[in-house]
Amino acid sequence: MPRSRRAARRGPGSARAGSPASEEEAGSEVLSHCSSASEGASPAEEGAGSEAACEQGQEEEAEDRLKEHMDSLLDKSAKTRQAALQSLRLAFSSKTLSEFLLERRLTLTDSLEKCLKKGKGEEQALAGTVLTLLCLQMGSGPEGEEVFRSLKPLLVSVLTDRVASPGARQSCATALGMCCYIAAADLEDLISCLSCLEGIFSPASTGEGSSAPTQHGPLHCSALQSWSLLLTICPPSHIKSILDNRWLKLPPLLSSSSVALRILAGETIALVFELAQDMEEDLGHQDTEFLRAQLKVLATESNKYRAKTDRRKQRSIFRDILRFIETGEYQEETIRFGLECMYLDSWARQRTYQAFKEVLGSGIRHHLQNNELLREIFGLGPPLVLDAAALKASKVSRFEKHLYNSAAFKARTKARSRVRDKRADVL
């Protein structure tokens with residue numbers, strides 16, 4: 001089984017939670033139930049009994065709503081199916097639901113397969129995202145592998161279908177990469193997914209009317225992101241074949257009109273150099289000299305026809321990329337969640353984090369705290385078990401947040417003033 005050198009793989013998460021859909025109605029019903037249950041109880045009993053009753057009521061209400069959304073995936077109305085997929089996406093990304101989904105995974109997989117086959121556009125895109133989240137909830141065990149293997153051919157079919165909508169193809173590119181990363185047990189699956197994704201973003205293989213930079217878009221970004229994610233778990237033998245010649249397909253993407261694709265291509269090139277360093281392979285031939293010249297241009301670009309925010313973001317990231325290629329120095333980043341934090345100290349680790357963050361959105365912090373799969377991938381250990389007192393102590397008061405934000409604002413203003421003064425001196 002292919003494995004990353006930086007991250008252990010995979011174990012299903014466990015917890016119960018609910019969908020955020022119809023939360024106001026559910027909340028009012030649960031509150032009324034709790035208040036009626038606590039009438040006549042002593043103050044001591046209310047502290048334990050009432051809270052337990054509320055939690056149990058919320059769990060049952062949330063599970064009932066999830067079951068309704070799953071049933072709605074078979075509705076004749078496309079609008080109803082899309083609404084159900086959207087609700088499932090929000091629920092799966094915000095909570096760990098592996099226990100609830102374990103016995104329903106086959107039914108849900110069949111429903112998602114029908115949405116991908118018979119649906120159009122937005123419905124296919126949402127189905128691909130929900131499939132990714134289902135695989136993430138199931139983990140890398142037999143259940144996750146079963147989900148991946150059953151829908152892999154359909155994902156490849158939609159991804160390579162030029163008639164399908166760009167949104168659906170983009171979603172399938174992400175789903176193929178993420179599900180393969182999580183659940184692929186055979187090297188053949190990994191190699192075939194890499195080849196399929198490379199055929200989407202590679203200029204020589206795009207073949208969709210033209211390979212000109214103006215043709216690049218979100219689909220190519222998703223394909224390249226998934227390809228680079230799978231690169232982090234490739235065995236050394238396959239990485240060596242990529243280092244020998246195939247990585248040279250990446251530099252042409254630095255000329256793309258899409259700033260997102262230019263940045264992704266630069267980060268992927270840095271990842272390739274990092275893997276070469278780990279394997280003690282030398283990429284220092286004449287092609288890298290031209291590459292360094294390209295990176296220097298992107299790190300200092302000031303063309304007015306590009307948006308100001310795009311130029312600023314591009315310059316910042318390509319300065320880091322160029323520094324790494326020239327000196328091997330990586331700009332470490334700290335990610336904080338709850339009482340914990342983790343460090344992104346390599347391009348491989350950063351690529352992995354960004355891929356999961358794109359799928360989970362704001363739910364990434366919850367899953368880092370509670371999802372055993374993510375905690376194993378990033379080496380965080382078992383989920384922390386905190387009592388109510390520890391949770392309350394970890395919360396920062398509104399006044400403390402205000403003081404912190406005020407101090408940060410003053411420091412930022414002073415720093416910017418110094419920079420503006422230097423600019424004025426130059427002018």
# chains A, B, ... in the order shown; residues from 1 in each chain; ligands from 1

call {"tool": "select_by_dssp", "arguments": {"residues": "range 73-160 of chain A", "states": "helix (DSSP H, G or I)", "output": "PyMOL selection string"}}
result
chain A and resi 78-94+98-102+105-118+122-138+142-159

call {"tool": "residues_around", "arguments": {"residues": "Leu102 in chain A", "least_positions_apart": "6", "cutoff": "9 Å", "atoms": "only C-alpha atoms", "output": "list in words"}}
result
Gln137, Met138 and Glu143 of chain A

call {"tool": "write_last_selection", "arguments": {"atoms": "N, CA, C and O atoms", "output": "compact mmCIF listing (two decimals), in the first residue's frame"}}
result
# COMPACT_ATOMS: atom_id res chain seq x y z
N GLN A 137 -15.37 10.55 6.19
CA GLN A 137 -16.00 10.08 7.43
C GLN A 137 -15.72 8.60 7.67
O GLN A 137 -15.53 8.17 8.81
N MET A 138 -15.67 7.79 6.59
CA MET A 138 -15.46 6.36 6.73
C MET A 138 -14.01 6.00 7.04
O MET A 138 -13.71 4.98 7.64
N GLU A 143 -14.35 -0.02 4.85
CA GLU A 143 -15.56 0.72 4.47
C GLU A 143 -15.22 1.86 3.50
O GLU A 143 -15.90 2.06 2.48

call {"tool": "closest_residue", "arguments": {"among": "A:Leu112, A:Ile321, A:Leu106, A:Leu264", "to": "Thr129 in chain A", "atoms": "only C-alpha atoms"}}
result
A:Leu112

call {"tool": "atom_distance", "arguments": {"atom1": "CA of Phe100 in chain A", "atom2": "CA of Cys193 in chain A"}}
result
29.5 Å

call {"tool": "residues_around", "arguments": {"residues": "Leu116 in chain A", "least_positions_apart": "5", "cutoff": "8 Å", "atoms": "only C-alpha atoms", "output": "NGL selection string"}}
result
:A and (123-124 or 127-128 or 154)

call {"tool": "closest_residue", "arguments": {"among": "A:Ala348, A:Ala411, A:Leu190, A:Val130", "to": "Ser171 in chain A", "atoms": "only C-alpha atoms"}}
result
A:Val130

call {"tool": "closest_residue", "arguments": {"among": "A:Ser228, A:Ile325, A:Arg319, A:Lys120", "to": "Ala276 in chain A", "atoms": "only C-alpha atoms"}}
result
A:Ile325

call {"tool": "closest_residue", "arguments": {"among": "A:Ile242, A:Leu219, A:Leu248, A:Ala183", "to": "Ser195 in chain A", "atoms": "only C-alpha atoms"}}
result
A:Ile242

call {"tool": "closest_residue", "arguments": {"among": "A:Ser72, A:Arg162, A:Lys79, A:Ala62", "to": "Ala91 in chain A", "atoms": "only C-alpha atoms"}}
result
A:Ala62

call {"tool": "residues_around", "arguments": {"residues": "Glu358 in chain A", "least_positions_apart": "6", "cutoff": "12 Å", "atoms": "only C-alpha atoms", "output": "mmCIF file with N, CA and C atoms, in the first residue's frame"}}
result
data_model
loop_
_atom_site.group_PDB
_atom_site.id
_atom_site.type_symbol
_atom_site.label_atom_id
_atom_site.label_comp_id
_atom_site.auth_asym_id
_atom_site.auth_seq_id
_atom_site.Cartn_x
_atom_site.Cartn_y
_atom_site.Cartn_z
ATOM 1 N N SER A 93 -19.453 18.055 6.698
ATOM 2 C CA SER A 93 -18.251 18.877 6.833
ATOM 3 C C SER A 93 -18.116 19.505 8.223
ATOM 4 N N THR A 129 -18.928 16.216 -4.082
ATOM 5 C CA THR A 129 -18.448 16.748 -2.796
ATOM 6 C C THR A 129 -18.925 15.889 -1.633
ATOM 7 N N THR A 132 -16.908 12.740 -1.423
ATOM 8 C CA THR A 132 -15.608 12.993 -0.795
ATOM 9 C C THR A 132 -15.731 13.018 0.723
ATOM 10 N N LEU A 133 -16.753 13.711 1.219
ATOM 11 C CA LEU A 133 -16.951 13.821 2.667
ATOM 12 C C LEU A 133 -17.347 12.479 3.279
ATOM 13 N N SER A 171 -15.527 19.024 -9.430
ATOM 14 C CA SER A 171 -15.862 18.306 -8.203
ATOM 15 C C SER A 171 -15.361 16.867 -8.250
ATOM 16 N N THR A 174 -11.583 16.684 -7.642
ATOM 17 C CA THR A 174 -11.277 16.750 -6.203
ATOM 18 C C THR A 174 -11.626 15.438 -5.512
ATOM 19 N N ALA A 175 -12.802 14.882 -5.846
ATOM 20 C CA ALA A 175 -13.240 13.636 -5.215
ATOM 21 C C ALA A 175 -12.296 12.481 -5.547
ATOM 22 N N MET A 178 -8.987 13.050 -3.486
ATOM 23 C CA MET A 178 -9.156 12.900 -2.037
ATOM 24 C C MET A 178 -9.490 11.461 -1.650
ATOM 25 N N SER A 222 -8.138 22.188 -9.764
ATOM 26 C CA SER A 222 -8.544 21.041 -8.946
ATOM 27 C C SER A 222 -7.769 19.791 -9.338
ATOM 28 N N GLN A 225 -4.198 20.166 -8.031
ATOM 29 C CA GLN A 225 -4.154 20.039 -6.568
ATOM 30 C C GLN A 225 -4.288 18.582 -6.158
ATOM 31 N N SER A 226 -5.202 17.844 -6.795
ATOM 32 C CA SER A 226 -5.367 16.424 -6.477
ATOM 33 C C SER A 226 -4.126 15.628 -6.875
ATOM 34 N N ARG A 351 0.454 20.997 1.426
ATOM 35 C CA ARG A 351 -0.468 20.562 0.382
ATOM 36 C C ARG A 351 -1.586 19.698 0.953
ATOM 37 N N THR A 352 -1.237 18.803 1.871
ATOM 38 C CA THR A 352 -2.241 17.932 2.491
ATOM 39 C C THR A 352 -3.264 18.750 3.265
ATOM 40 N N ILE A 364 -12.907 22.412 9.138
ATOM 41 C CA ILE A 364 -11.581 21.803 9.263
ATOM 42 C C ILE A 364 -11.121 21.753 10.712
#

call {"tool": "residues_around", "arguments": {"residues": "Arg105 in chain A", "least_positions_apart": "5", "cutoff": "10 Å", "atoms": "only C-alpha atoms", "output": "list in words"}}
result
Ser98, Phe100, Asp110, Ser111, Leu134, Cys135, Met138, Glu143, Gly144, Glu146 and Val147 of chain A

call {"tool": "write_last_selection", "arguments": {"atoms": "all heavy atoms", "output": "JSON list (two decimals), in the first residue's frame"}}
result
[["chain", "number", "residue", "atom", "x", "y", "z"],
["A", 98, "SER", "N", -19.22, 9.20, 11.71],
["A", 98, "SER", "CA", -18.86, 7.88, 11.18],
["A", 98, "SER", "C", -19.75, 6.76, 11.72],
["A", 98, "SER", "O", -20.11, 5.84, 10.99],
["A", 98, "SER", "CB", -17.39, 7.58, 11.49],
["A", 98, "SER", "OG", -17.15, 7.67, 12.87],
["A", 100, "PHE", "N", -22.91, 6.94, 12.72],
["A", 100, "PHE", "CA", -24.23, 7.04, 12.10],
["A", 100, "PHE", "C", -24.19, 6.56, 10.64],
["A", 100, "PHE", "O", -25.11, 5.90, 10.17],
["A", 100, "PHE", "CB", -24.71, 8.49, 12.16],
["A", 100, "PHE", "CG", -25.98, 8.76, 11.40],
["A", 100, "PHE", "CD1", -27.21, 8.43, 11.95],
["A", 100, "PHE", "CD2", -25.93, 9.32, 10.14],
["A", 100, "PHE", "CE1", -28.39, 8.66, 11.25],
["A", 100, "PHE", "CE2", -27.10, 9.56, 9.43],
["A", 100, "PHE", "CZ", -28.33, 9.24, 9.99],
["A", 110, "ASP", "N", -25.20, 4.29, -3.17],
["A", 110, "ASP", "CA", -26.09, 4.03, -4.32],
["A", 110, "ASP", "C", -26.81, 5.30, -4.74],
["A", 110, "ASP", "O", -26.96, 5.58, -5.94],
["A", 110, "ASP", "CB", -27.10, 2.93, -3.97],
["A", 110, "ASP", "CG", -26.45, 1.56, -3.85],
["A", 110, "ASP", "OD1", -25.33, 1.40, -4.38],
["A", 110, "ASP", "OD2", -27.05, 0.67, -3.23],
["A", 111, "SER", "N", -27.30, 6.06, -3.77],
["A", 111, "SER", "CA", -28.01, 7.31, -4.09],
["A", 111, "SER", "C", -27.08, 8.32, -4.76],
["A", 111, "SER", "O", -27.47, 8.99, -5.72],
["A", 111, "SER", "CB", -28.60, 7.91, -2.81],
["A", 111, "SER", "OG", -29.53, 7.01, -2.20],
["A", 134, "LEU", "N", -18.11, 11.66, 2.54],
["A", 134, "LEU", "CA", -18.48, 10.33, 3.03],
["A", 134, "LEU", "C", -17.22, 9.47, 3.18],
["A", 134, "LEU", "O", -17.06, 8.78, 4.20],
["A", 134, "LEU", "CB", -19.46, 9.68, 2.05],
["A", 134, "LEU", "CG", -19.82, 8.22, 2.34],
["A", 134, "LEU", "CD1", -20.51, 8.08, 3.69],
["A", 134, "LEU", "CD2", -20.70, 7.64, 1.23],
["A", 135, "CYS", "N", -16.35, 9.53, 2.20],
["A", 135, "CYS", "CA", -15.10, 8.77, 2.27],
["A", 135, "CYS", "C", -14.25, 9.25, 3.44],
["A", 135, "CYS", "O", -13.62, 8.45, 4.14],
["A", 135, "CYS", "CB", -14.36, 8.91, 0.95],
["A", 135, "CYS", "SG", -13.11, 7.64, 0.65],
["A", 138, "MET", "N", -15.67, 7.79, 6.59],
["A", 138, "MET", "CA", -15.46, 6.36, 6.73],
["A", 138, "MET", "C", -14.01, 6.00, 7.04],
["A", 138, "MET", "O", -13.71, 4.98, 7.64],
["A", 138, "MET", "CB", -15.90, 5.64, 5.44],
["A", 138, "MET", "CG", -17.42, 5.64, 5.21],
["A", 138, "MET", "SD", -18.32, 4.70, 6.47],
["A", 138, "MET", "CE", -18.81, 6.00, 7.60],
["A", 143, "GLU", "N", -14.35, -0.02, 4.85],
["A", 143, "GLU", "CA", -15.56, 0.72, 4.47],
["A", 143, "GLU", "C", -15.22, 1.86, 3.50],
["A", 143, "GLU", "O", -15.90, 2.06, 2.48],
["A", 143, "GLU", "CB", -16.25, 1.29, 5.71],
["A", 143, "GLU", "CG", -16.78, 0.25, 6.68],
["A", 143, "GLU", "CD", -15.70, -0.26, 7.62],
["A", 143, "GLU", "OE1", -14.57, 0.29, 7.58],
["A", 143, "GLU", "OE2", -15.97, -1.21, 8.38],
["A", 144, "GLY", "N", -14.17, 2.64, 3.82],
["A", 144, "GLY", "CA", -13.77, 3.71, 2.93],
["A", 144, "GLY", "C", -13.28, 3.20, 1.59],
["A", 144, "GLY", "O", -13.59, 3.77, 0.53],
["A", 146, "GLU", "N", -14.23, 0.49, 0.14],
["A", 146, "GLU", "CA", -15.41, 0.02, -0.60],
["A", 146, "GLU", "C", -16.12, 1.17, -1.30],
["A", 146, "GLU", "O", -16.53, 1.06, -2.47],
["A", 146, "GLU", "CB", -16.37, -0.67, 0.38],
["A", 146, "GLU", "CG", -17.59, -1.29, -0.26],
["A", 146, "GLU", "CD", -18.50, -1.92, 0.77],
["A", 146, "GLU", "OE1", -18.48, -1.49, 1.95],
["A", 146, "GLU", "OE2", -19.24, -2.84, 0.40],
["A", 147, "VAL", "N", -16.26, 2.30, -0.61],
["A", 147, "VAL", "CA", -16.89, 3.48, -1.21],
["A", 147, "VAL", "C", -16.07, 3.96, -2.41],
["A", 147, "VAL", "O", -16.61, 4.26, -3.48],
["A", 147, "VAL", "CB", -17.04, 4.60, -0.17],
["A", 147, "VAL", "CG1", -17.51, 5.90, -0.83],
["A", 147, "VAL", "CG2", -18.02, 4.19, 0.93]]
